[in-house]
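**Q** If it helps, the file is called final-v7.cif and holds mmCIF, N, CA and C atoms:
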data_structure
loop_
_atom_site.label_atom_id
_atom_site.label_comp_id
_atom_site.auth_asym_id
_atom_site.auth_seq_id
_atom_site.Cartn_x
_atom_site.Cartn_y
_atom_site.Cartn_z
N MET A 1 93.97 89.77 94.54
CA MET A 1 93.44 90.44 93.37
C MET A 1 91.93 90.63 93.48
N VAL A 2 91.25 89.64 94.02
CA VAL A 2 89.80 89.74 94.12
C VAL A 2 89.39 90.91 95.02
N ARG A 3 90.20 91.25 96.00
CA ARG A 3 89.89 92.33 96.94
C ARG A 3 89.69 93.65 96.20
N PHE A 4 90.26 93.80 95.02
CA PHE A 4 90.17 95.06 94.29
C PHE A 4 88.88 95.21 93.50
N VAL A 5 88.05 94.17 93.46
CA VAL A 5 86.87 94.23 92.61
C VAL A 5 85.88 95.27 93.08
N ASN A 6 85.44 95.23 94.31
CA ASN A 6 84.40 96.15 94.76
C ASN A 6 84.80 97.62 94.68
N PRO A 7 86.05 98.00 95.00
CA PRO A 7 86.38 99.42 94.82
C PRO A 7 86.26 99.90 93.38
N PHE A 8 86.46 98.99 92.40
CA PHE A 8 86.35 99.36 91.00
C PHE A 8 84.90 99.38 90.54
N SER A 9 84.04 98.79 91.30
CA SER A 9 82.66 98.64 90.91
C SER A 9 81.88 99.93 91.11
N THR A 10 81.01 100.22 90.17
CA THR A 10 80.14 101.39 90.34
C THR A 10 79.06 101.10 91.37
N THR A 11 78.77 99.83 91.56
CA THR A 11 77.85 99.38 92.60
C THR A 11 78.49 98.20 93.32
N ARG A 12 78.10 97.94 94.54
CA ARG A 12 78.68 96.84 95.29
C ARG A 12 78.16 95.51 94.74
N VAL A 13 79.07 94.69 94.28
CA VAL A 13 78.68 93.39 93.76
C VAL A 13 78.42 92.49 94.97
N PRO A 14 77.18 91.99 95.13
CA PRO A 14 76.84 91.26 96.34
C PRO A 14 77.64 89.97 96.49
N GLY A 15 78.06 89.71 97.74
CA GLY A 15 78.71 88.46 98.05
C GLY A 15 80.21 88.41 97.84
N PHE A 16 80.78 89.31 97.07
CA PHE A 16 82.20 89.18 96.74
C PHE A 16 83.11 89.38 97.95
N ASN A 17 82.73 90.22 98.89
CA ASN A 17 83.61 90.41 100.05
C ASN A 17 83.76 89.14 100.86
N VAL A 18 82.66 88.40 101.06
CA VAL A 18 82.72 87.15 101.80
C VAL A 18 83.59 86.14 101.07
N PHE A 19 83.35 85.99 99.77
CA PHE A 19 84.14 85.05 98.99
C PHE A 19 85.61 85.45 99.00
N ASP A 20 85.87 86.75 98.86
CA ASP A 20 87.23 87.24 98.79
C ASP A 20 88.02 86.91 100.04
N GLU A 21 87.44 87.14 101.20
CA GLU A 21 88.16 86.87 102.44
C GLU A 21 88.43 85.37 102.58
N ASN A 22 87.45 84.55 102.27
CA ASN A 22 87.65 83.09 102.32
C ASN A 22 88.76 82.67 101.37
N ILE A 23 88.70 83.17 100.15
CA ILE A 23 89.69 82.77 99.15
C ILE A 23 91.10 83.19 99.57
N GLN A 24 91.25 84.39 100.12
CA GLN A 24 92.58 84.82 100.56
C GLN A 24 93.15 83.90 101.62
N CYS A 25 92.32 83.50 102.59
CA CYS A 25 92.79 82.60 103.64
C CYS A 25 93.15 81.23 103.06
N ILE A 26 92.31 80.74 102.18
CA ILE A 26 92.56 79.43 101.57
C ILE A 26 93.83 79.45 100.73
N LEU A 27 94.07 80.55 100.01
CA LEU A 27 95.30 80.63 99.20
C LEU A 27 96.55 80.64 100.07
N LEU A 28 96.45 81.23 101.26
CA LEU A 28 97.59 81.15 102.19
C LEU A 28 97.85 79.71 102.60
N ASP A 29 96.79 78.96 102.85
CA ASP A 29 96.95 77.54 103.19
C ASP A 29 97.53 76.75 102.03
N ALA A 30 97.08 77.06 100.81
CA ALA A 30 97.63 76.39 99.62
C ALA A 30 99.11 76.71 99.49
N GLY A 31 99.47 77.97 99.74
CA GLY A 31 100.88 78.36 99.68
C GLY A 31 101.72 77.63 100.71
N ALA A 32 101.17 77.42 101.90
CA ALA A 32 101.90 76.68 102.93
C ALA A 32 102.15 75.24 102.47
N ASN A 33 101.16 74.67 101.79
CA ASN A 33 101.33 73.31 101.28
C ASN A 33 102.44 73.26 100.23
N VAL A 34 102.41 74.20 99.31
CA VAL A 34 103.42 74.24 98.24
C VAL A 34 104.81 74.51 98.81
N ALA A 35 104.89 75.30 99.86
CA ALA A 35 106.19 75.66 100.46
C ALA A 35 106.74 74.57 101.36
N THR A 36 105.97 73.52 101.59
CA THR A 36 106.41 72.43 102.46
C THR A 36 106.56 71.17 101.62
N PRO A 37 107.78 70.87 101.18
CA PRO A 37 108.00 69.70 100.31
C PRO A 37 107.46 68.42 100.97
N ARG A 38 106.58 67.74 100.26
CA ARG A 38 105.92 66.57 100.82
C ARG A 38 106.90 65.43 101.09
N GLY A 39 108.01 65.38 100.40
CA GLY A 39 108.94 64.26 100.55
C GLY A 39 109.98 64.43 101.64
N SER A 40 110.18 65.64 102.15
CA SER A 40 111.27 65.84 103.08
C SER A 40 110.89 66.57 104.37
N ALA A 41 109.66 67.01 104.49
CA ALA A 41 109.24 67.74 105.69
C ALA A 41 108.92 66.77 106.83
N SER A 42 108.97 67.26 108.05
CA SER A 42 108.62 66.43 109.21
C SER A 42 107.13 66.09 109.16
N GLN A 43 106.75 65.04 109.85
CA GLN A 43 105.35 64.64 109.89
C GLN A 43 104.48 65.76 110.46
N PHE A 44 104.99 66.48 111.45
CA PHE A 44 104.25 67.59 112.04
C PHE A 44 103.93 68.64 110.97
N LYS A 45 104.95 69.02 110.17
CA LYS A 45 104.72 70.03 109.12
C LYS A 45 103.81 69.50 108.02
N LEU A 46 103.97 68.23 107.68
CA LEU A 46 103.10 67.64 106.65
C LEU A 46 101.64 67.68 107.08
N THR A 47 101.41 67.30 108.33
CA THR A 47 100.04 67.30 108.84
C THR A 47 99.48 68.71 108.92
N ARG A 48 100.31 69.61 109.38
CA ARG A 48 99.86 70.99 109.55
C ARG A 48 99.55 71.69 108.22
N THR A 49 100.21 71.26 107.15
CA THR A 49 100.03 71.93 105.85
C THR A 49 99.24 71.11 104.84
N GLU A 50 98.58 70.03 105.30
CA GLU A 50 97.71 69.30 104.39
C GLU A 50 96.68 70.27 103.83
N PHE A 51 96.29 70.04 102.59
CA PHE A 51 95.36 70.97 101.94
C PHE A 51 94.14 70.23 101.40
N ASP A 52 92.98 70.64 101.82
CA ASP A 52 91.69 70.18 101.31
C ASP A 52 91.64 68.65 101.15
N VAL A 53 91.97 67.97 102.21
CA VAL A 53 92.05 66.51 102.19
C VAL A 53 90.72 65.87 101.78
N ASP A 54 89.61 66.43 102.26
CA ASP A 54 88.31 65.84 101.97
C ASP A 54 87.59 66.49 100.78
N GLY A 55 88.21 67.47 100.14
CA GLY A 55 87.64 68.09 98.95
C GLY A 55 86.54 69.11 99.21
N THR A 56 86.34 69.50 100.46
CA THR A 56 85.25 70.44 100.75
C THR A 56 85.50 71.83 100.18
N LEU A 57 86.75 72.24 100.09
CA LEU A 57 87.04 73.57 99.54
C LEU A 57 86.70 73.63 98.05
N VAL A 58 87.02 72.58 97.34
CA VAL A 58 86.70 72.52 95.91
C VAL A 58 85.18 72.45 95.74
N THR A 59 84.52 71.66 96.57
CA THR A 59 83.06 71.58 96.50
C THR A 59 82.42 72.93 96.77
N GLU A 60 82.96 73.67 97.74
CA GLU A 60 82.45 75.01 98.04
C GLU A 60 82.58 75.93 96.82
N LEU A 61 83.74 75.90 96.17
CA LEU A 61 83.91 76.71 94.96
C LEU A 61 82.90 76.31 93.88
N GLU A 62 82.71 75.01 93.71
CA GLU A 62 81.76 74.55 92.70
C GLU A 62 80.34 75.00 93.03
N ASP A 63 80.00 75.03 94.32
CA ASP A 63 78.68 75.53 94.72
C ASP A 63 78.55 77.02 94.40
N TRP A 64 79.62 77.79 94.65
CA TRP A 64 79.61 79.22 94.33
C TRP A 64 79.45 79.43 92.83
N ILE A 65 80.17 78.61 92.05
CA ILE A 65 80.08 78.70 90.59
C ILE A 65 78.63 78.43 90.15
N ASP A 66 78.05 77.37 90.68
CA ASP A 66 76.68 77.01 90.31
C ASP A 66 75.70 78.12 90.67
N ALA A 67 75.87 78.72 91.86
CA ALA A 67 74.97 79.80 92.30
C ALA A 67 75.04 81.00 91.36
N LEU A 68 76.25 81.39 90.97
CA LEU A 68 76.40 82.52 90.05
C LEU A 68 75.90 82.16 88.66
N ASP A 69 76.20 80.93 88.25
CA ASP A 69 75.83 80.49 86.91
C ASP A 69 74.31 80.49 86.71
N ARG A 70 73.56 80.22 87.76
CA ARG A 70 72.10 80.23 87.66
C ARG A 70 71.57 81.63 87.33
N GLU A 71 72.36 82.66 87.61
CA GLU A 71 71.95 84.04 87.36
C GLU A 71 72.35 84.53 85.97
N LEU A 72 73.08 83.69 85.23
CA LEU A 72 73.65 84.11 83.94
C LEU A 72 72.98 83.40 82.77
N ASP A 73 73.01 84.07 81.62
CA ASP A 73 72.58 83.41 80.39
C ASP A 73 73.61 82.34 80.05
N PRO A 74 73.17 81.25 79.42
CA PRO A 74 74.13 80.21 79.02
C PRO A 74 75.22 80.79 78.12
N LEU A 75 76.42 80.32 78.30
CA LEU A 75 77.55 80.77 77.49
C LEU A 75 77.52 80.05 76.15
N LYS A 76 77.43 80.82 75.07
CA LYS A 76 77.34 80.22 73.72
C LYS A 76 78.60 80.49 72.90
N ASN A 77 79.43 81.43 73.36
CA ASN A 77 80.64 81.81 72.62
C ASN A 77 81.78 82.01 73.63
N PHE A 78 82.99 81.99 73.11
CA PHE A 78 84.12 82.42 73.93
C PHE A 78 83.97 83.92 74.14
N ILE A 79 84.32 84.39 75.32
CA ILE A 79 84.27 85.84 75.55
C ILE A 79 85.67 86.33 75.90
N LEU A 80 85.90 87.59 75.57
CA LEU A 80 87.16 88.24 75.89
C LEU A 80 87.07 88.86 77.28
N ALA A 81 88.20 89.13 77.89
CA ALA A 81 88.20 89.85 79.17
C ALA A 81 87.58 91.21 78.92
N SER A 82 86.42 91.41 79.48
CA SER A 82 85.65 92.63 79.24
C SER A 82 84.58 92.72 80.31
N GLY A 83 83.64 93.64 80.13
CA GLY A 83 82.51 93.73 81.03
C GLY A 83 82.66 94.78 82.12
N GLY A 84 83.51 95.75 81.92
CA GLY A 84 83.69 96.80 82.91
C GLY A 84 84.89 96.52 83.82
N ARG A 85 85.15 97.45 84.72
CA ARG A 85 86.34 97.36 85.57
C ARG A 85 86.32 96.18 86.53
N SER A 86 85.17 95.94 87.17
CA SER A 86 85.09 94.81 88.10
C SER A 86 85.31 93.49 87.37
N ALA A 87 84.59 93.31 86.28
CA ALA A 87 84.71 92.07 85.52
C ALA A 87 86.12 91.91 84.96
N SER A 88 86.69 92.98 84.44
CA SER A 88 88.04 92.89 83.88
C SER A 88 89.06 92.54 84.96
N THR A 89 88.88 93.09 86.15
CA THR A 89 89.78 92.77 87.26
C THR A 89 89.65 91.29 87.63
N LEU A 90 88.45 90.78 87.62
CA LEU A 90 88.25 89.35 87.90
C LEU A 90 88.86 88.49 86.80
N HIS A 91 88.81 88.95 85.55
CA HIS A 91 89.46 88.20 84.47
C HIS A 91 90.97 88.17 84.67
N VAL A 92 91.56 89.27 85.13
CA VAL A 92 93.00 89.28 85.42
C VAL A 92 93.31 88.31 86.55
N ALA A 93 92.48 88.32 87.60
CA ALA A 93 92.67 87.39 88.71
C ALA A 93 92.56 85.94 88.23
N ARG A 94 91.63 85.70 87.31
CA ARG A 94 91.49 84.36 86.74
C ARG A 94 92.75 83.94 86.01
N ASN A 95 93.31 84.86 85.25
CA ASN A 95 94.55 84.58 84.53
C ASN A 95 95.68 84.25 85.51
N MET A 96 95.73 84.97 86.62
CA MET A 96 96.75 84.70 87.63
C MET A 96 96.55 83.33 88.27
N ALA A 97 95.31 82.95 88.51
CA ALA A 97 95.02 81.63 89.08
C ALA A 97 95.44 80.53 88.11
N ARG A 98 95.16 80.71 86.82
CA ARG A 98 95.57 79.72 85.81
C ARG A 98 97.09 79.61 85.75
N SER A 99 97.76 80.75 85.83
CA SER A 99 99.23 80.74 85.81
C SER A 99 99.77 80.00 87.04
N ALA A 100 99.20 80.26 88.19
CA ALA A 100 99.62 79.57 89.41
C ALA A 100 99.39 78.06 89.27
N GLU A 101 98.26 77.70 88.70
CA GLU A 101 97.96 76.27 88.51
C GLU A 101 99.03 75.62 87.63
N ARG A 102 99.38 76.27 86.53
CA ARG A 102 100.40 75.70 85.64
C ARG A 102 101.75 75.56 86.35
N ARG A 103 102.07 76.48 87.24
CA ARG A 103 103.35 76.43 87.96
C ARG A 103 103.36 75.36 89.04
N VAL A 104 102.18 75.04 89.58
CA VAL A 104 102.09 74.05 90.65
C VAL A 104 102.09 72.62 90.11
N VAL A 105 101.61 72.42 88.89
CA VAL A 105 101.50 71.07 88.33
C VAL A 105 102.82 70.30 88.40
N PRO A 106 103.97 70.86 88.01
CA PRO A 106 105.21 70.09 88.13
C PRO A 106 105.53 69.69 89.58
N LEU A 107 105.18 70.53 90.52
CA LEU A 107 105.40 70.19 91.93
C LEU A 107 104.52 69.02 92.36
N ILE A 108 103.32 68.99 91.84
CA ILE A 108 102.40 67.88 92.14
C ILE A 108 102.92 66.59 91.51
N VAL A 109 103.35 66.68 90.27
CA VAL A 109 103.89 65.50 89.56
C VAL A 109 105.08 64.93 90.32
N ASP A 110 105.91 65.79 90.88
CA ASP A 110 107.08 65.35 91.64
C ASP A 110 106.77 65.07 93.11
N ASN A 111 105.49 65.04 93.47
CA ASN A 111 105.05 64.79 94.85
C ASN A 111 105.61 65.78 95.86
N LEU A 112 105.77 67.02 95.43
CA LEU A 112 106.25 68.07 96.32
C LEU A 112 105.10 68.92 96.86
N ALA A 113 103.92 68.78 96.27
CA ALA A 113 102.72 69.49 96.73
C ALA A 113 101.54 68.55 96.53
N ASP A 114 100.50 68.77 97.33
CA ASP A 114 99.30 67.94 97.23
C ASP A 114 98.53 68.25 95.94
N ALA A 115 97.98 67.21 95.33
CA ALA A 115 97.19 67.37 94.11
C ALA A 115 95.98 68.27 94.35
N SER A 116 95.50 68.31 95.57
CA SER A 116 94.32 69.13 95.88
C SER A 116 94.60 70.62 95.67
N VAL A 117 95.86 71.04 95.77
CA VAL A 117 96.20 72.45 95.50
C VAL A 117 95.93 72.78 94.03
N GLY A 118 96.37 71.91 93.15
CA GLY A 118 96.14 72.12 91.72
C GLY A 118 94.66 72.11 91.38
N LYS A 119 93.93 71.18 91.99
CA LYS A 119 92.49 71.11 91.73
C LYS A 119 91.79 72.38 92.22
N TYR A 120 92.20 72.87 93.39
CA TYR A 120 91.59 74.09 93.93
C TYR A 120 91.87 75.28 93.00
N LEU A 121 93.12 75.42 92.56
CA LEU A 121 93.47 76.52 91.67
C LEU A 121 92.69 76.43 90.35
N ASN A 122 92.49 75.23 89.86
CA ASN A 122 91.71 75.04 88.64
C ASN A 122 90.27 75.52 88.83
N ARG A 123 89.66 75.11 89.92
CA ARG A 123 88.27 75.51 90.18
C ARG A 123 88.19 77.00 90.52
N LEU A 124 89.23 77.53 91.18
CA LEU A 124 89.25 78.95 91.48
C LEU A 124 89.22 79.77 90.20
N SER A 125 90.00 79.38 89.21
CA SER A 125 89.99 80.14 87.96
C SER A 125 88.62 80.06 87.29
N ASP A 126 87.95 78.92 87.40
CA ASP A 126 86.60 78.81 86.85
C ASP A 126 85.63 79.69 87.62
N TYR A 127 85.79 79.72 88.94
CA TYR A 127 84.94 80.61 89.76
C TYR A 127 85.16 82.07 89.35
N LEU A 128 86.42 82.48 89.20
CA LEU A 128 86.71 83.86 88.86
C LEU A 128 86.15 84.24 87.48
N PHE A 129 86.18 83.30 86.54
CA PHE A 129 85.58 83.54 85.23
C PHE A 129 84.08 83.77 85.37
N THR A 130 83.42 82.90 86.12
CA THR A 130 81.98 83.02 86.32
C THR A 130 81.65 84.30 87.09
N ALA A 131 82.47 84.62 88.08
CA ALA A 131 82.26 85.85 88.85
C ALA A 131 82.43 87.08 87.96
N ALA A 132 83.36 87.02 87.02
CA ALA A 132 83.55 88.14 86.08
C ALA A 132 82.30 88.32 85.22
N ARG A 133 81.75 87.23 84.75
CA ARG A 133 80.52 87.32 83.96
C ARG A 133 79.38 87.87 84.80
N TYR A 134 79.30 87.43 86.04
CA TYR A 134 78.25 87.92 86.94
C TYR A 134 78.41 89.41 87.21
N ALA A 135 79.65 89.85 87.45
CA ALA A 135 79.91 91.27 87.72
C ALA A 135 79.51 92.12 86.52
N ALA A 136 79.82 91.65 85.32
CA ALA A 136 79.45 92.39 84.11
C ALA A 136 77.93 92.51 84.01
N LYS A 137 77.24 91.42 84.27
CA LYS A 137 75.77 91.46 84.20
C LYS A 137 75.22 92.36 85.29
N PHE A 138 75.73 92.23 86.51
CA PHE A 138 75.23 93.00 87.64
C PHE A 138 75.39 94.50 87.39
N GLU A 139 76.49 94.88 86.76
CA GLU A 139 76.76 96.30 86.49
C GLU A 139 76.21 96.76 85.14
N GLY A 140 75.62 95.85 84.38
CA GLY A 140 75.05 96.22 83.09
C GLY A 140 76.10 96.53 82.03
N LYS A 141 77.25 95.90 82.13
CA LYS A 141 78.34 96.13 81.17
C LYS A 141 78.37 94.97 80.16
N PRO A 142 78.54 95.27 78.89
CA PRO A 142 78.54 94.21 77.88
C PRO A 142 79.83 93.38 77.90
N GLU A 143 79.67 92.09 77.60
CA GLU A 143 80.83 91.22 77.40
C GLU A 143 81.13 91.18 75.90
N ARG A 144 82.41 91.18 75.57
CA ARG A 144 82.80 91.13 74.16
C ARG A 144 83.01 89.68 73.76
N VAL A 145 82.42 89.31 72.64
CA VAL A 145 82.52 87.95 72.13
C VAL A 145 83.77 87.82 71.26
N TYR A 146 84.47 86.72 71.42
CA TYR A 146 85.64 86.42 70.60
C TYR A 146 85.20 86.21 69.16
N LYS A 147 85.94 86.84 68.23
CA LYS A 147 85.74 86.65 66.80
C LYS A 147 87.08 86.32 66.18
N LYS A 148 87.14 85.23 65.47
CA LYS A 148 88.40 84.81 64.85
C LYS A 148 88.86 85.87 63.86
N PRO A 149 90.10 86.35 64.02
CA PRO A 149 90.60 87.36 63.06
C PRO A 149 90.74 86.74 61.66
N ASN A 150 90.53 87.59 60.68
CA ASN A 150 90.64 87.13 59.29
C ASN A 150 92.05 86.90 58.89
#
Produce structure tokens that represent the structure in this file.
**A**
Amino acid sequence: MVRFVNPFSTTRVPGFNVFDENIQCILLDAGANVATPRGSASQFKLTRTEFDVDGTLVTELEDWIDALDRELDPLKNFILASGGRSASTLHVARNMARSAERRVVPLIVDNLADASVGKYLNRLSDYLFTAARYAAKFEGKPERVYKKPN
């Protein structure tokens, strides 16, 4: 989903192509972990599909979040998916990451997938949210603030 951001952008959002390619590769590795039941796979497959054992992938996402966040005004309100096509596409990708996280949690609880997959998906959705805000700012598109309906 992230791959679609720059084509929708009126200007090239810096850095997204590098992040996008890394994220796609990492998600394939996460998928391999989820597809290899931790309780019944051979030791070879378990070793080959271990995911983010040392937490460096999550730390990398957190560093990306911090870098983008330094460029943004502090968040004071909930915001709706908005901010132009690039930002809206990133909000959709964020929603997909959150959905994937919710689907993986039962597998983690049953020891069928590594907990690091869930943690990565959680941080990925936070990264995508921050990236959406950054894309909106970069393109000069307003974010819509949530207002409780009457």
**Q** Can you pull out every residue within 8 Å of region 143-149 of chain A, counting all atoms listed in the file, but drop anything in the same chain fewer than 2 positions away, and send it as a list in words?
**A**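 Counting only the stated atoms, we get Asn77, Phe78, Ile79, Leu80, Ala81, Ser82, Gly83, Gly84, Arg133, Ala136, Lys137, Gly140 and Lys141 of chain A.
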**Q** For Val53 (chain A), which residue among A:Val104, A:Ser116, A:Leu75, A:Ala87 is the nearest when counting all atoms listed in the file?
**A**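 Of A:Val104, A:Ser116, A:Leu75, A:Ala87, the one nearest Val53 (chain A), counting all atoms listed in the file, is A:Ser116.
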**Q** List the neighbours of region 31-47 of chain A out to 5 Å using all atoms listed in the file; skip same-chain residues closer than 2 positions along the sequence, and give me the result as a ChimeraX atom specification.
**A** /A:27-29,49-50,111-113
**Q** Region 7-103 of chain A: which residues are helix (DSSP H, G or I) by DSSP, as number ranges by chain?
**A** A: 7-8, 16-34, 43-48, 56-69, 84-103
